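*Asks:* Dropping the structure in here first, questions after.
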Amino acid sequence: MKTCLLDTNLLVRFITGEPAEMATCARALIEKSESGAVALRIVPLVVAETVFVLAGKVYGFDRREVATALIQFIESPSLEVEQRDALIAALRLFRDHTLDFVDACLAAQARLFCVGVASFDADFARIAGLELAAL
């Protein structure tokens, strides 16, 4: 079975449905993955860029919409997702707090590995159970 890495533009087309022709192709590829005809893999950087594109100026989606759509997508058992648990945790933090996605990823990783975060960013102090390094 052939394996393909998903690019941000394919994921954005799949989620937004725009433009229609590309969205149709993206859906067809996802369906091939679900049927086992192709293996699809997504890496964390693509998720990060997708968050940036969808929640940014071009699309302006609400962070909750973005997080919900991506969580639903990467929970699919037909996808190979690098760092699935960490990405889902990061998307939940992104959805529920004012953190940017990279900071949400850092907080999620810190929680998963039971380590602290060294940062001057005060937003980290709002995350329950997150240890901050004394600076």
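In the structure tokens, the first chain shown is A, the next is B, and so on; residue numbers restart at 1 for each chain, and ligands run from 1 in the order shown.
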For region 104-119 of chain A, list every protein, DNA or RNA residue within 10 Å, evaluated using only C-alpha atoms, and leave out those in the same chain fewer than 2 positions away; present the list as a ChimeraX atom specification.

*Replies:* /A:44,48,83,85-102,121-125,127-135

*Asks:* For Val46 (chain A), list every protein, DNA or RNA residue within 9 Å, evaluated using only C-alpha atoms, and leave out those in the same chain fewer than 2 positions away; present the list as a PyMOL selection string.

*Replies:* chain A and resi 6-8+11+42-44+48-51

*Asks:* Any idea what's packed within 8 Å of region 52-54 of chain A, counting only C-alpha atoms, ignoring anything in its chain fewer than 6 positions away? Could you give it as a list of chain:residue names?

*Replies:*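 What passes the distance filter is A:Val12, A:Gly60, A:Phe61, A:Val66, A:Phe101.
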
*Asks:* If I take CA of Lys32 (chain A) and CA of Val58 (chain A), how far is one from the other in Å, to one decimal?

*Replies:* 29.1 Å

*Asks:* Could you check how far CA of Arg13 (chain A) sits from CA of Val47 (chain A), in Å to one decimal?

*Replies:*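 So the two atoms, CA of Arg13 (chain A) and CA of Val47 (chain A), lie 13.4 Å apart.
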
*Asks:* Step one, run DSSP on the backbone; step two, keep only residues of region 39-122 of chain A assigned to strand (DSSP E or B); then write them as a PyMOL selection string.

*Replies:* chain A and resi 39-42+79-81+117

*Asks:* Can you write out the residues you just picked, keeping C-alpha atoms, as a short mmCIF file (atom, residue, chain, number, x, y, z; two decimals), in the first residue's frame?

*Replies:*
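Resulting contents of result.cif:
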data_model
loop_
_atom_site.label_atom_id
_atom_site.label_comp_id
_atom_site.auth_asym_id
_atom_site.auth_seq_id
_atom_site.Cartn_x
_atom_site.Cartn_y
_atom_site.Cartn_z
CA ALA A 39 -2.17 5.18 3.76
CA LEU A 40 -2.19 8.85 4.73
CA ARG A 41 0.17 10.33 7.29
CA ILE A 42 0.02 13.76 8.86
CA LEU A 79 -4.83 8.18 9.37
CA GLU A 80 -1.30 7.77 10.61
CA VAL A 81 -0.76 10.77 12.87
CA VAL A 117 8.03 25.18 30.64
#

*Asks:* How many Å separate CA of Leu29 (chain A) from CA of Arg63 (chain A)?

*Replies:*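 A separation of 25.8 Å between them.
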
*Asks:* For Ser33 (chain A), which residue out of A:Leu10, A:Ile15, A:Gln72, A:Pro77 is the nearest one, using only C-alpha atoms?

*Replies:*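 Once distances to Ser33 (chain A) are computed over only C-alpha atoms, the minimum belongs to A:Pro77.
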